[in-house]
file work-v6.cif (mmCIF, C-alpha atoms and all ligand atoms)
data_start
loop_
_atom_site.label_atom_id
_atom_site.label_comp_id
_atom_site.auth_asym_id
_atom_site.auth_seq_id
_atom_site.Cartn_x
_atom_site.Cartn_y
_atom_site.Cartn_z
CA MET A 1 29.98 0.83 5.22
CA ASP A 2 26.58 -0.28 6.34
CA GLN A 3 24.77 -1.11 3.10
CA ARG A 4 21.44 -0.36 4.67
CA ALA A 5 22.67 3.15 5.16
CA PHE A 6 23.84 3.36 1.56
CA SER A 7 20.36 2.50 0.39
CA ARG A 8 19.22 5.79 1.82
CA PHE A 9 22.28 7.95 1.36
CA PRO A 10 24.26 9.55 -1.38
CA SER A 11 27.38 7.48 -2.02
CA THR A 12 30.61 8.13 -0.23
CA SER A 13 34.01 8.66 -1.80
CA ALA A 14 34.91 5.10 -0.83
CA VAL A 15 32.04 3.78 -2.89
CA SER A 16 32.87 6.00 -5.85
CA SER A 17 36.39 4.56 -6.04
CA THR A 18 34.99 1.10 -6.64
CA PRO A 19 35.80 0.09 -10.21
CA GLY A 20 33.01 -0.72 -12.57
CA VAL A 21 30.09 1.21 -13.90
CA THR A 22 26.77 0.95 -12.20
CA VAL A 23 23.37 1.71 -13.57
CA CYS A 24 21.40 4.65 -12.25
CA HIS A 25 18.12 3.09 -11.15
CA LEU A 26 16.19 6.34 -11.19
CA LEU A 27 16.87 6.78 -14.92
CA ASP A 28 17.51 3.08 -15.70
CA LYS A 29 20.69 3.82 -17.62
CA ILE A 30 24.43 4.17 -17.20
CA ILE A 31 25.47 7.75 -16.52
CA PRO A 32 28.74 8.91 -18.10
CA ASP A 33 31.22 10.86 -15.97
CA ARG A 34 30.09 14.40 -15.54
CA VAL A 35 32.42 17.30 -14.87
CA GLN A 36 30.22 20.37 -15.01
CA VAL A 37 26.71 20.92 -13.71
CA SER A 38 25.83 22.65 -16.97
CA ASP A 39 26.45 19.33 -18.76
CA PHE A 40 23.32 17.76 -17.35
CA CYS A 41 21.25 20.11 -15.17
CA THR A 42 18.28 22.05 -16.48
CA CYS A 43 16.49 22.58 -13.15
CA THR A 44 19.32 24.95 -12.09
CA ASN A 45 19.69 23.41 -8.60
CA CYS A 46 22.01 20.43 -9.13
CA SER A 47 25.58 19.74 -8.09
CA ILE A 48 28.34 17.23 -8.83
CA GLN A 49 28.15 14.16 -6.58
CA ASN A 50 30.68 11.48 -5.69
CA THR A 51 29.43 9.01 -8.26
CA ALA A 52 28.22 9.49 -11.82
CA ARG A 53 25.00 7.58 -11.18
CA GLU A 54 24.05 10.15 -8.55
CA THR A 55 25.15 13.18 -10.51
CA ILE A 56 21.75 13.50 -12.08
CA CYS A 57 19.15 16.22 -12.52
CA CYS A 58 15.52 15.81 -11.55
CA ARG A 59 14.50 16.92 -15.05
CA GLU A 60 16.32 13.97 -16.63
CA VAL A 61 13.42 11.75 -15.60
CA TRP A 62 11.45 13.32 -18.46
CA ASP A 63 13.77 11.51 -20.88
CA SER A 64 13.11 8.15 -19.23
CA SER A 65 10.03 5.98 -18.95
CA CYS A 66 11.21 3.56 -16.25
CA LYS A 67 8.94 3.21 -13.23
CA TYR A 68 11.10 5.28 -10.88
CA SER A 69 11.26 8.12 -13.39
CA GLU A 70 7.50 7.92 -13.78
CA ASN A 71 7.16 8.17 -9.99
CA LEU A 72 9.13 11.40 -9.98
CA LYS A 73 7.26 12.87 -12.94
CA ALA A 74 3.97 12.23 -11.18
CA LYS A 75 5.15 14.19 -8.13
CA MET A 76 6.75 17.04 -10.10
CA GLY A 77 3.91 17.77 -12.48
CA ASP A 78 4.55 21.16 -14.08
CA LEU A 79 7.14 22.25 -11.53
CA GLN A 80 10.66 23.10 -12.71
CA CYS A 81 12.44 21.17 -9.94
CA VAL A 82 11.56 18.39 -7.50
CA THR A 83 12.68 20.68 -4.67
CA GLN A 84 9.60 22.83 -5.41
CA VAL A 85 7.14 20.02 -4.63
CA GLN A 86 5.31 21.13 -1.49
CA GLU A 87 5.41 17.71 0.17
CA VAL A 88 9.17 17.55 -0.43
CA ILE A 89 9.60 20.94 1.23
CA ASP A 90 7.42 19.80 4.15
CA ILE A 91 9.42 16.60 4.64
CA VAL A 92 12.77 18.37 4.64
CA ASP A 93 11.66 21.37 6.73
CA ARG A 94 9.92 19.76 9.68
CA SER A 95 12.54 19.05 12.31
CA LEU A 96 10.17 17.40 14.78
CA GLN A 97 8.99 14.85 12.21
CA LEU A 98 12.55 14.13 11.15
CA ASP A 99 13.58 13.65 14.77
CA LEU A 100 10.64 11.33 15.47
CA PHE A 101 11.31 9.34 12.31
CA HIS A 102 14.88 8.91 13.50
CA GLU A 103 13.71 7.81 16.95
CA ASN A 104 11.43 5.25 15.36
CA ASP A 105 14.26 3.97 13.18
CA VAL A 106 16.52 3.53 16.20
CA PHE A 107 13.70 1.71 18.00
CA LEU A 108 13.10 -0.67 15.08
CA LYS A 109 16.79 -1.46 14.66
CA ARG A 110 17.08 -2.27 18.34
CA GLN A 111 14.02 -4.49 18.09
CA LEU A 112 15.85 -6.35 15.32
CA GLY A 113 18.90 -6.73 17.54
CA LEU A 114 21.05 -4.40 15.45
CA SER A 115 23.64 -2.24 17.13
CA VAL A 116 22.77 1.40 16.82
CA SER A 117 24.86 4.44 17.59
CA THR A 118 22.95 7.48 18.73
CA ARG A 119 26.04 9.57 19.26
CA VAL A 120 25.62 13.10 17.97
CA LEU A 121 28.75 14.79 16.69
CA ALA A 122 29.10 18.41 17.74
CA SER A 123 30.43 19.22 14.27
CA ASP A 124 27.46 17.55 12.59
CA PRO A 125 24.41 17.74 14.84
CA HIS A 126 21.94 17.42 11.96
CA ARG A 127 23.22 14.21 10.44
CA HIS A 128 20.29 12.16 11.73
CA ARG A 129 17.90 14.66 10.13
CA ARG A 130 19.55 14.27 6.74
CA PHE A 131 19.30 10.52 7.20
CA ALA A 132 15.62 10.76 8.07
CA ALA A 133 14.95 13.15 5.18
CA TYR A 134 16.62 10.92 2.56
CA THR A 135 14.63 7.97 3.84
CA MET A 136 11.29 9.78 4.01
CA LEU A 137 11.83 11.32 0.58
CA THR A 138 12.48 7.89 -0.91
CA PHE A 139 9.30 6.56 0.68
CA PHE A 140 7.38 9.58 -0.56
CA LEU A 141 8.67 9.31 -4.14
CA HIS A 142 8.76 5.54 -4.63
CA GLY A 143 7.27 3.74 -1.65
CA SER A 144 9.21 0.90 -0.03
CA THR A 145 10.35 -0.54 -3.39
CA GLY A 146 12.61 2.49 -3.72
CA MET A 147 14.46 1.37 -0.61
CA LYS A 148 15.02 -2.15 -1.91
CA GLN A 149 16.44 -0.92 -5.20
CA ARG A 150 18.54 1.89 -3.69
CA VAL A 151 17.01 4.41 -6.03
CA GLU A 152 19.11 7.53 -6.30
CA LEU A 153 17.81 10.93 -5.29
CA PRO A 154 18.53 13.68 -7.87
CA SER A 155 21.51 15.80 -6.87
CA CYS A 156 19.32 18.89 -6.51
CA LEU A 157 17.32 17.08 -3.84
CA VAL A 158 20.44 15.90 -1.99
CA LYS A 159 21.76 19.47 -2.06
CA PHE A 160 18.40 20.78 -0.83
CA VAL A 161 18.59 18.49 2.24
CA ARG A 162 22.23 19.38 2.90
CA ASP A 163 21.55 23.09 2.65
CA ARG A 164 18.69 22.79 5.16
CA TRP A 165 20.58 20.53 7.58
CA PRO A 166 24.25 21.26 6.95
CA ASN A 167 27.35 19.67 8.35
CA SER A 168 29.36 22.58 9.75
CA SER A 169 32.58 21.13 8.36
CA GLY A 170 31.04 21.04 4.90
CA ASP A 171 32.44 17.54 4.51
CA TYR A 172 29.84 15.08 3.28
CA THR A 173 32.28 12.44 2.13
CA GLY A 174 33.34 9.24 3.84
CA PHE A 175 31.18 8.14 6.68
CA SER A 176 30.34 11.60 7.84
CA ASP A 177 27.08 11.65 5.93
CA ALA A 178 25.91 8.21 6.94
CA TYR A 179 24.22 7.05 10.06
CA ASN A 180 25.77 3.65 10.49
CA ASN A 181 26.79 0.94 12.90
CA ASN A 182 30.52 1.51 12.75
CA GLU A 183 30.93 4.68 14.69
ZN ZN B 1 19.08 19.89 -12.05
ZN ZN B 2 15.96 19.63 -9.62
#
call {"tool": "encode", "arguments": {"input": "work-v6.cif", "output": "structure tokens", "more": "lines below"}}
Ligand SMILES: [Zn+2]
Ligand SMILES: [Zn+2]
result
Amino acid sequence: MDQRAFSRFPSTSAVSSTPGVTVCHLLDKIIPDRVQVSDFCTCTNCSIQNTARETICCREVWDSSCKYSENLKAKMGDLQCVTQVQEVIDIVDRSLQLDLFHENDVFLKRQLGLSVSTRVLASDPHRHRRFAAYTMLTFFLHGSTGMKQRVELPSCLVKFVRDRWPNSSGDYTGFSDAYNNNE
């Protein structure tokens, strides 16, 4: 898988099968395996993801004082969930901005001499919008340092993007959720 894509995307099943425990950068700690949403979510919008380090609730940042958690707290303020932040809603909702962000990303990659697929799958016409949304949300929450560190997005936020721009097959595993150079 294209690691540049992974920096912006929830992990795939292939990644989750990799042995070894990885630290969740957003919370700066190792996340134990989680089976039920009720085990960790208090914002009421989360879901189980493919890896433990991404199966996290936005409200867990209030138990952490690392810089990425502080970034999220500053944006959330008194809100119950990060998906209620108006700028987050604006980023995810605006199709034209997502499309233009995607166009710009394709342009930049081509400028760098990278191969870029712009094929749109009939079964998943919104994939590039999810890609753009994950990227823009990371920039909004953490700035460009969030991209370098591959900071996880809380599962409620990933679900929020997927609900707005769904894959008709409902399959977000494997490469289907990533915009990458291999397809
Ligand atoms: Zn939650
Ligand atoms: Zn939340």
call {"tool": "residues_around", "arguments": {"input": "work-v6.cif", "residues": "A:Thr44", "least_positions_apart": "2", "cutoff": "10 Å", "atoms": "all atoms listed in the file", "output": "list in words"}}
result
Val37, Ser38, Phe40, Cys41, Thr42, Cys46, Ser47, Cys57, Cys58, Arg59, Gln80, Cys81 and Cys156 of chain A
call {"tool": "residues_around", "arguments": {"input": "work-v6.cif", "residues": "A:Ser169", "least_positions_apart": "3", "cutoff": "9 Å", "atoms": "only C-alpha atoms", "output": "VMD selection string"}}
result
chain A and resid 123 to 124 166 172
call {"tool": "closest_residue", "arguments": {"input": "work-v6.cif", "among": "A:Leu121, A:Val85, A:Met136, A:Leu27", "to": "ligand ZN 2 (chain B)", "atoms": "only C-alpha atoms and all ligand atoms"}}
result
A:Val85
call {"tool": "residues_around", "arguments": {"input": "work-v6.cif", "residues": "A:Arg53", "least_positions_apart": "6", "cutoff": "8 Å", "atoms": "only C-alpha atoms", "output": "list in words"}}
result
Thr22, Val23, Cys24, Ile30, Ile31, Pro32 and Glu152 of chain A
call {"tool": "atom_distance", "arguments": {"input": "work-v6.cif", "atom1": "atom CA of A:Asn104", "atom2": "atom CA of A:Asp90"}}
result
18.8 Å
call {"tool": "residues_around", "arguments": {"input": "work-v6.cif", "residues": "A:Val92", "least_positions_apart": "4", "cutoff": "10 Å", "atoms": "all atoms listed in the file", "output": "number ranges by chain"}}
result
A: 83, 87-88, 97-98, 129-130, 132-134, 136-137, 157, 160-162, 164-165
call {"tool": "atom_distance", "arguments": {"input": "work-v6.cif", "atom1": "atom CA of A:Ala52", "atom2": "atom CA of A:Asp78"}}
result
26.5 Å
call {"tool": "closest_residue", "arguments": {"input": "work-v6.cif", "among": "A:Asn71, A:Lys109, A:Leu26, A:Phe101", "to": "A:Thr135", "atoms": "all atoms listed in the file"}}
result
A:Phe101
call {"tool": "closest_residue", "arguments": {"input": "work-v6.cif", "among": "A:Ser65, A:Ser168, A:Ser155, A:Ser115", "to": "ligand ZN 2 (chain B)", "atoms": "all atoms listed in the file"}}
result
A:Ser155
call {"tool": "atom_distance", "arguments": {"input": "work-v6.cif", "atom1": "atom CA of A:Asp163", "atom2": "atom CA of A:Ile56"}}
result
17.6 Å
call {"tool": "closest_residue", "arguments": {"input": "work-v6.cif", "among": "A:Val82, A:His25, A:Cys66, A:Val35", "to": "ligand ZN 1 (chain B)", "atoms": "all atoms listed in the file"}}
result
A:Val82
